[in-house]
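S.K.: Before I ask anything, let me first share the structure, which is written out below as structure tokens.
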Protein chains: 4
Amino acid sequence: MTLDLTIRGTLVLPEGPLERAWLGVRDGTIVAIGTGSPPVATESFDAGDDLIIPGVIDGQTHATSYGGLAGIRSTTRSAIAGGVTTIADMPYDNPAPLNAIARLDDKVAAIREHAHSNVALYGTIMPGQATGDIESLIDGGVVAFKISTFESSPTRFPRIASDQILATFNALAETVIPLGVHNEDQEIVRAYIAAAKAAGRDGIEAHSESRPPAAELAATAQFLELGAAAGAHAHIVHLTTARGFQLVDNYLADGFRATGELCVHYLWFDPDKDGAALGAKMKVNPPIRPGQIDALWEEILSGRVAFVSSDHSSWPIDNKFTPSIFEAGAGVPGLETLLPAFYTAAGNRGLDAATITVEQLCERPAKFFGLWPEKGAIRIGADADLAILSRAPQIWNSAKAHDELNWSPFDGREFSVRVAHTYLGGKLAWDGAAVTNQPGSGQYVRRGASHWFE
Amino acid sequence: MTLDLTIRGTLVLPEGPLERAWLGVRDGTIVAIGTGSPPVATESFDAGDDLIIPGVIDGQTHATSYGGLAGIRSTTRSAIAGGVTTIADMPYDNPAPLNAIARLDDKVAAIREHAHSNVALYGTIMPGQATGDIESLIDGGVVAFKISTFESSPTRFPRIASDQILATFNALAETVIPLGVHNEDQEIVRAYIAAAKAAGRDGIEAHSESRPPAAELAATAQFLELGAAAGAHAHIVHLTTARGFQLVDNYLADGFRATGELCVHYLWFDPDKDGAALGAKMKVNPPIRPGQIDALWEEILSGRVAFVSSDHSSWPIDNKFTPSIFEAGAGVPGLETLLPAFYTAAGNRGLDAATITVEQLCERPAKFFGLWPEKGAIRIGADADLAILSRAPQIWNSAKAHDELNWSPFDGREFSVRVAHTYLGGKLAWDGAAVTNQPGSGQYVRRGASHWFE
Amino acid sequence: MTLDLTIRGTLVLPEGPLERAWLGVRDGTIVAIGTGSPPVATESFDAGDDLIIPGVIDGQTHATSYGGLAGIRSTTRSAIAGGVTTIADMPYDNPAPLNAIARLDDKVAAIREHAHSNVALYGTIMPGQATGDIESLIDGGVVAFKISTFESSPTRFPRIASDQILATFNALAETVIPLGVHNEDQEIVRAYIAAAKAAGRDGIEAHSESRPPAAELAATAQFLELGAAAGAHAHIVHLTTARGFQLVDNYLADGFRATGELCVHYLWFDPDKDGAALGAKMKVNPPIRPGQIDALWEEILSGRVAFVSSDHSSWPIDNKFTPSIFEAGAGVPGLETLLPAFYTAAGNRGLDAATITVEQLCERPAKFFGLWPEKGAIRIGADADLAILSRAPQIWNSAKAHDELNWSPFDGREFSVRVAHTYLGGKLAWDGAAVTNQPGSGQYVRRGASHWFE
Amino acid sequence: MTLDLTIRGTLVLPEGPLERAWLGVRDGTIVAIGTGSPPVATESFDAGDDLIIPGVIDGQTHATSYGGLAGIRSTTRSAIAGGVTTIADMPYDNPAPLNAIARLDDKVAAIREHAHSNVALYGTIMPGQATGDIESLIDGGVVAFKISTFESSPTRFPRIASDQILATFNALAETVIPLGVHNEDQEIVRAYIAAAKAAGRDGIEAHSESRPPAAELAATAQFLELGAAAGAHAHIVHLTTARGFQLVDNYLADGFRATGELCVHYLWFDPDKDGAALGAKMKVNPPIRPGQIDALWEEILSGRVAFVSSDHSSWPIDNKFTPSIFEAGAGVPGLETLLPAFYTAAGNRGLDAATITVEQLCERPAKFFGLWPEKGAIRIGADADLAILSRAPQIWNSAKAHDELNWSPFDGREFSVRVAHTYLGGKLAWDGAAVTNQPGSGQYVRRGASHWFE
């Protein structure tokens, strides 16, 4: 039985890189791994000494918050060009969030029509909504739920009150499904913004001050304790300080299920250094804080970070050109920069960039979202979702991006690698210059068994 | 120089009981301790083999929430009859709370007019109040501040929002003054009460269910983290489960200042056993929960409880006779039962009751409120505030109480000791039958140096 | 480039079993792994659903203590029949131990002449010997050194005094080479044996009593501390109680290099149950102790056991037929029982027998002796040393053994698997009925880089 | 009932110093403590602002190793002059050690004849001695047993083999009596001395090298494990490095009874600084090691040191005038320097010298040897054994010492205090210039209840 495809290069296996190696694919699945000459195959590709890694799983994407479900098309096209073969899309669709089975069905249909990459889905609940929809969404395959303690939009991204958080945790307690939270205390943030405005401060530096660590940590602590009370899995979708991860770790040590996630921009930017140049282009919530980068890398190395994601937001740049920082949209595009940016930052710190990238961007999110072992590793039996990294430096230029947004805080930054090829299910999807697969090539990915708290 | 007073009996010293011993008083201060025959003194009293302990410091009294400042008179009279020589009075005075220096002045004047026992004072802040008053109240001698995350009364006992809690912690961060919290999440409690009412449940069992542990713990976690963010001392004025003390302990282990307090009724009652008989008479907030007593004693023995208090509330019994448990007032009288109830419960568990009583009711609150070493121990140089315990069993009967309330959940319960005498500043204040000192004998006690986090 | 060999079956990879899989070998090395149909190869073998595991590395073999260097032939023949592809042979050769480079050369020559399996070598020192030989032995490739605190033979297996242990540790401190110890305090053992004899006790039960845990633990503690003082790697070659592993763990926690090993008979036999039937056939030193099996499995599961070995001794059974237990030889044959016995015991406890067997008998000893990653795992680039386990139960019968000893404490015991095939360097060496390779097929294996304390 | 004696001054109570205070004595016991004017008494003494502390309990004295039992006279006279009111005398009497009840009787008789201070006694066993004598010695009141792992004298101070150590521990396992050890591995020490001699090295620097930490620690580890195996209390009478105390602490953490002691000279001298000047005058075993002082103080502050003693040895100086350091006697006089030297060193480090001195020299040894609460603290009911310290600096001059030895490594060192008075049982025994009590005034002190492992 002949192989469909072989790819040669340096394979980044879970135990580390293997040079002058190859993998063989049949029916979209990796079925053989070896060194030396690969066996005969219908198609073969020689990547030289490029790094062949599992396709990235971006655990936090906002594909549809601006353009609605059709946003899946450009977002996943950008994903493929960035070596991201699966996104976990947030539920805050425009105009209405994914909080019921009918909306899940619509979104799955949109994936089948538009998606270049695979898509897993988060669900949510709306204020006052009963918990009955939760079970049907789980049956429908969502990988996680998410709510917010801060209202970004009353119809699309509302604040969920404590009692409803508790009710949601109770509904999830017997399952392996995490409930994630956008963790900012609304009272503190609103009071601080009002104070900043009253003081006439409206630049990027006022943004960071207006959402202090205390706002983030108080919401985090309350949410973790509610999850603990219910016995459910509480997940913080972004923590910006080491204290946040320490808090999460205390819950683990006390026997509860708790996790915390990091986004790549918290590992790259510092308002004290970059605020003047970037302004609203680096506005995200919770804000990037000064002087945290070293401490956050320590958290990664200590194993206390669940995984690293992009928090890709599909805002056009117009959204950032506002008179005051407080009116500017929060969030940045990130699917094409996630992989090279993380790899580069790890390498610049002297770490084994290939291994830690695979761990944080592939293996850990796969385990977290119940996609392991089919995704997240180059191993026999895994899906042939692959990214191939050329170790050739590049200066990032968002003009070439495939997300129809074409702006980025990373513009002008040097990355030590570029995504040379992406394969999805054993098919070439990106050749280094163009996205070569068709909309609808990506699949809706349902949650499988959990491999996280083991 | 002759002594003013000697008292013979079994002295309960910090290191344990000393039998056939005596102490000598001059100018209101303990100046000598010995065994055998006491030296010559102006006055001498032989307590036989009764236990002589330091006067109790009740860390949580509500003297004035019903009758206003005049309530100090009956409350402190009851304190004296209960061996309590100092109360830390809560700030929720009727009609308006102690949140400014003028009100502190009024209250100190009332103490000078009415008090039979010493009185230390808590301060508070009102919604929207700036932090400027905090410093003047500290200068005025308050021992602590307290706020609530649940609105019991909009004018007297309001909910304080997160941003204001944070501002208060920030104002206290450089001081040793604790900020205490009535720790219940308002959204959860209101939702649960509404659900209970909707289900037609309104008995005492519905009370406990309507304020679940999650409501208490979520508020606790949020408050502790805000205190940690500010670097201030966060104090939880009542925790009803072991998990609460574990949470506090995590903050200590992480290097923050955090403490948790217990009230004696949580060590005595269980709604599953006592609810039917006591009904609203055992309604307190947060509620007494089923099956917690053994675990809470473990917390005491492990050293994770800051101290034990009465949470004495001066509600007349009429306040409890309501059609629904949700309309009944929360709180119970407790100044005359605190000492015998705690001692009895400790003894019934086989503990060294005398030593643990002195530790939890005298020494630890004295250190906590900055009253040590003048108060809280029988030692040379300490104030001669004393309680003398006769080890003669009694059945509690609130008809004989001195609080003008004359009801109690302890009615009919057997205590293994009774308060035979109380001395305040070396003067007899309670002779076992009557309060013998005059209103105004008690003093306003200001916070001194801290001896807690050492 | 065609493969030399493919083998199909259930591959037990480091991450777990992979069914219907294959591996491909070229030049004695595993160069490809896959599922489905294997590629074309010069030779192919289909093992059905048998388990294909890495060849076992027995970390403690005594090949030559009876018959001298020629004993390598029958011992390694037995190894191959037992799925053991590498033995770490103890230094106590008869008539003189391996304590100098000339003897290492002789032994390597004997390996080249006689060995059916690969052989790694321990070295030792003799009383009064200077440390100069240690470096040359390391250059010669020994994987470890071993001494004894108890004299089993003055010329072959002497007691080494404390000062010489310290000197040896000092000589090894800058290296990764472990110093192992036969850990029994000679004064205690001799005193206890004298007492037993004086009391007329000479059965197997007197054996266990005559070498009490205190004798083993005192020698262990002293040895570990000497290793710590020098900063060297101290290894206890057999610990018979959980306390021993706790001691080792204390040294690790204090920052020192310390390890402890377990032998398979401590996991199978109990003198209280088996002593009457087995008598001297279960005499080993330190003795198997009553009631330890469960606790020792806990140590394995907690990760505190370095690895499990056979401690195979090549004594003829005559050595056990003595009037008194004290004259009987200590030690048992074990190379053909190690693998099925460990697998069976693990399975009987409900563990994942395949995975834990590979971990304890293959991966961990490979890392310990510096043989990883070439040995100890089925992975690309590893040597094609393999054992194939048929999951067909068998009753052990030592009459069929290949060790020329033909006795065993396991006789009549049921094993859940049998060794169906063994491959050495990609060549069939055991076909389930006969050893098919020639003496001299085995190689002398030198220590490589260390992968233990990482 | 009139007091016999009152003493005024600064009382160092367990909770700290109390200024302008007094204590009252009746029948040799402290019966009252106070501030202000003391009551009427038969005799009164005003110590001004001198420190009144409990009499020191020296936990390690060798009174009789040189002069036999008569040595008790000068040794205890020196003790009294040094503020030491009780010594725990080692068992290595000359010519034969205290290993049987008859010898205990003789020694008690000698105490009654000669002792100026109280004396508690250690017992020992001799090689080959059965354990039967142990019980009778315990009945006779010994406070502890001691053996050595190094032979200092075959008849008086022999090495005890491992099996006999184990037997002794077994005999003590059910009791609270500690077994102490002189902890040096004989094989290592003899080998290192031989090496030093062979290399022609025989100065004080060779002494330290000839008994390396490994010798001390290996003996310590073996001894602790034997104690653990038996479940008895193992005590190391001197540890010279922080690692030793860490070892002891590991045993405590594992649930065993283990303790380690420190001697004051390890806190004062360093061979690198003092060796040249002091030579054999600082030879003690185990040796004082370079660079340890700071680490040993850390051990004291962390609570891992059981107590600090003098290890006073009654060697005449002639014993030190030997051609080689290896022939010089080990040990130094120390009863008159223990208290001022420890106090001074603590003060020089910025510690609260009065409190830590009372803790390490009084309270802890009292609890350790079963003499608490009668001894070791100024508290009501305690024996009126007292030392009064004048905070007047002095330069030590051993010519004035009362030990008939009149040499000291401390000669010429400045102490920040001097012993102004000593009281024994309420009687003046030392007036700052002369010992004023009579031989036989001291008592034989039997072990009472244990207060150590609580």
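Labels used: A, B, ... for chains in the order of the structure tokens, numbers from 1 for residues in each chain, and numbers from 1 for ligands as shown.
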Would you return as a PyMOL selection string the members of stretch 270-367 of chain A that DSSP assigns to helix (DSSP H, G or I) on this structure's backbone?
M.R.: chain A and resi 271-282+293-301+317-320+338-348+353-367
S.K.: Run DSSP on the backbone of this structure and report the residues of stretch 161-403 of chain D it assigns to strand (DSSP E or B), as a list in words.
M.R.: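 DSSP-assigned strand (DSSP E or B) residues in stretch 161-403 of chain D: Leu179, Gly180, Val181, His182, Ala234, His235, Ile236, Ala258, Thr259, Gly260, Leu262, Cys263, Val308, Ser309, His312, Ser313, Val332, Asp383, Leu386, Ala387, Ile388, Leu389, Ser390, Gln394 and Ile395 of chain D.
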S.K.: Which residues are close to C:Lys367, i.e. within 8 Å by only C-alpha atoms, leaving aside same-chain residues fewer than 2 positions away? Reply as a ChimeraX atom specification.
M.R.: /C:363-365,369-373,376,450-452
S.K.: Which chain A residues are at most 6 Å from chain B (counting only C-alpha atoms), as a list in words?
M.R.: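 Residues passing the distance filter: Ser162, Asp163, Glu187, Ile188, Ala214, Ala218, Ala221, Gln222, Glu225, Leu226 and Ala229 of chain A.
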S.K.: Just want the 9 Å neighbourhood of A:Arg159, counted on only C-alpha atoms, with same-chain residues fewer than 3 positions away dropped. Output as a PyMOL selection string.
M.R.: chain A and resi 126-127+147-154+186
S.K.: With only C-alpha atoms as the counted atoms, please give the residues lying no more than 7 Å from stretch 66-80 of chain A, apart from itself and same-chain residues fewer than 2 positions off, as a PyMOL selection string.
M.R.: chain A and resi 63-64+82-85+93-95+107+110-111+114-117+314-315+335-336+401-404+422+429-430+435+439
S.K.: Using only C-alpha atoms, which residues sit within 9 Å of C:Gly291 once same-chain residues fewer than 3 positions away are excluded, as an MDAnalysis selection string?
M.R.: chainID C and resid 270:272 294:295
S.K.: Could you dump the residues just selected with N, CA, C and O atoms as a CSV table (one decimal), in the first residue's frame?
M.R.:
chain,number,residue,atom,x,y,z
C,270,ASP,N,7.5,-13.4,49.7
C,270,ASP,CA,7.4,-12.9,51.1
C,270,ASP,C,7.7,-14.1,52.0
C,270,ASP,O,7.1,-15.2,51.8
C,271,PRO,N,8.7,-14.0,52.8
C,271,PRO,CA,9.1,-15.1,53.6
C,271,PRO,C,8.0,-15.7,54.4
C,271,PRO,O,8.0,-16.9,54.7
C,272,ASP,N,7.0,-14.9,54.9
C,272,ASP,CA,5.9,-15.4,55.6
C,272,ASP,C,5.1,-16.4,54.8
C,272,ASP,O,4.5,-17.3,55.4
C,294,ASP,N,3.5,-4.4,48.8
C,294,ASP,CA,2.7,-3.3,48.5
C,294,ASP,C,3.4,-2.0,48.6
C,294,ASP,O,3.3,-1.1,47.7
C,295,ALA,N,4.2,-1.8,49.7
C,295,ALA,CA,4.9,-0.6,49.9
C,295,ALA,C,6.0,-0.4,48.8
C,295,ALA,O,6.2,0.8,48.4
S.K.: Using only C-alpha atoms, determine which residues lie at most 12 Å from B:Glu414, disregarding the query and same-chain residues fewer than 5 positions distant; provide the list as a list in words.
M.R.: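 Once the adjacent positions are removed, what remains is Trp268, Thr337, Pro340, Ala341, Phe342, Tyr343, Thr344, Ala345, Asn348, Ala392, Pro393, Gln394, Ile395, Trp396 and Asn397 of chain B.
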S.K.: Store the residues of this selection in a file with N, CA and C atoms, as a PDB file, in the first residue's frame.
M.R.:
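Everything below was put into selection-v1.pdb:
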ATOM      1  N   TRP B 268     -21.013  25.799  67.830  1.00  0.00           N
ATOM      2  CA  TRP B 268     -22.013  25.194  68.718  1.00  0.00           C
ATOM      3  C   TRP B 268     -23.218  24.624  67.981  1.00  0.00           C
ATOM      4  N   THR B 337     -22.622  34.827  76.786  1.00  0.00           N
ATOM      5  CA  THR B 337     -22.436  33.400  76.518  1.00  0.00           C
ATOM      6  C   THR B 337     -21.095  33.084  75.880  1.00  0.00           C
ATOM      7  N   PRO B 340     -18.422  31.347  78.562  1.00  0.00           N
ATOM      8  CA  PRO B 340     -18.767  29.995  79.014  1.00  0.00           C
ATOM      9  C   PRO B 340     -19.024  29.033  77.854  1.00  0.00           C
ATOM     10  N   ALA B 341     -19.562  29.524  76.754  1.00  0.00           N
ATOM     11  CA  ALA B 341     -19.849  28.629  75.627  1.00  0.00           C
ATOM     12  C   ALA B 341     -18.563  28.115  75.004  1.00  0.00           C
ATOM     13  N   PHE B 342     -17.588  29.006  74.792  1.00  0.00           N
ATOM     14  CA  PHE B 342     -16.340  28.553  74.169  1.00  0.00           C
ATOM     15  C   PHE B 342     -15.602  27.591  75.095  1.00  0.00           C
ATOM     16  N   TYR B 343     -15.497  27.979  76.369  1.00  0.00           N
ATOM     17  CA  TYR B 343     -14.808  27.127  77.340  1.00  0.00           C
ATOM     18  C   TYR B 343     -15.448  25.747  77.382  1.00  0.00           C
ATOM     19  N   THR B 344     -16.768  25.717  77.422  1.00  0.00           N
ATOM     20  CA  THR B 344     -17.491  24.448  77.528  1.00  0.00           C
ATOM     21  C   THR B 344     -17.260  23.580  76.300  1.00  0.00           C
ATOM     22  N   ALA B 345     -17.365  24.185  75.129  1.00  0.00           N
ATOM     23  CA  ALA B 345     -17.191  23.403  73.906  1.00  0.00           C
ATOM     24  C   ALA B 345     -15.779  22.836  73.818  1.00  0.00           C
ATOM     25  N   ASN B 348     -15.501  19.985  76.271  1.00  0.00           N
ATOM     26  CA  ASN B 348     -16.225  18.802  75.796  1.00  0.00           C
ATOM     27  C   ASN B 348     -15.457  18.033  74.725  1.00  0.00           C
ATOM     28  N   ALA B 392     -18.452  25.649  88.099  1.00  0.00           N
ATOM     29  CA  ALA B 392     -19.746  25.119  88.538  1.00  0.00           C
ATOM     30  C   ALA B 392     -20.678  25.148  87.329  1.00  0.00           C
ATOM     31  N   PRO B 393     -21.223  23.995  86.945  1.00  0.00           N
ATOM     32  CA  PRO B 393     -22.084  23.971  85.772  1.00  0.00           C
ATOM     33  C   PRO B 393     -23.317  24.843  85.942  1.00  0.00           C
ATOM     34  N   GLN B 394     -23.833  25.339  84.834  1.00  0.00           N
ATOM     35  CA  GLN B 394     -25.064  26.122  84.864  1.00  0.00           C
ATOM     36  C   GLN B 394     -25.846  25.834  83.589  1.00  0.00           C
ATOM     37  N   ILE B 395     -27.161  25.984  83.693  1.00  0.00           N
ATOM     38  CA  ILE B 395     -28.016  25.933  82.504  1.00  0.00           C
ATOM     39  C   ILE B 395     -28.282  27.381  82.106  1.00  0.00           C
ATOM     40  N   TRP B 396     -27.998  27.706  80.834  1.00  0.00           N
ATOM     41  CA  TRP B 396     -28.138  29.105  80.463  1.00  0.00           C
ATOM     42  C   TRP B 396     -29.614  29.521  80.403  1.00  0.00           C
ATOM     43  N   ASN B 397     -29.859  30.701  80.946  1.00  0.00           N
ATOM     44  CA  ASN B 397     -31.215  31.255  80.968  1.00  0.00           C
ATOM     45  C   ASN B 397     -31.110  32.737  80.684  1.00  0.00           C
TER      46      ASN B 397
END
S.K.: Measuring between only C-alpha atoms, which one of A:Val31, A:Leu11, A:Leu179, A:Leu267 shows the shortest distance to A:Pro290?
M.R.: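 Looking only at the distances to A:Pro290, the closest residue turns out to be A:Leu267.
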S.K.: Rounded to one decimal, what separation in Å do you get between atom CA of D:Gln60 and atom CA of D:Val237?
M.R.: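 Separation of atom CA of D:Gln60 and atom CA of D:Val237: 8.0 Å.
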S.K.: How far is it from atom CA of A:Val305 to atom CA of A:Thr357, in Å with one decimal?
M.R.: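 Between atom CA of A:Val305 and atom CA of A:Thr357 the gap works out to 13.1 Å.
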S.K.: So how far away is atom CA of A:Leu252 from atom CA of A:Thr168, in Å?
M.R.: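 Going from atom CA of A:Thr168 over to atom CA of A:Leu252, I get 20.2 Å.
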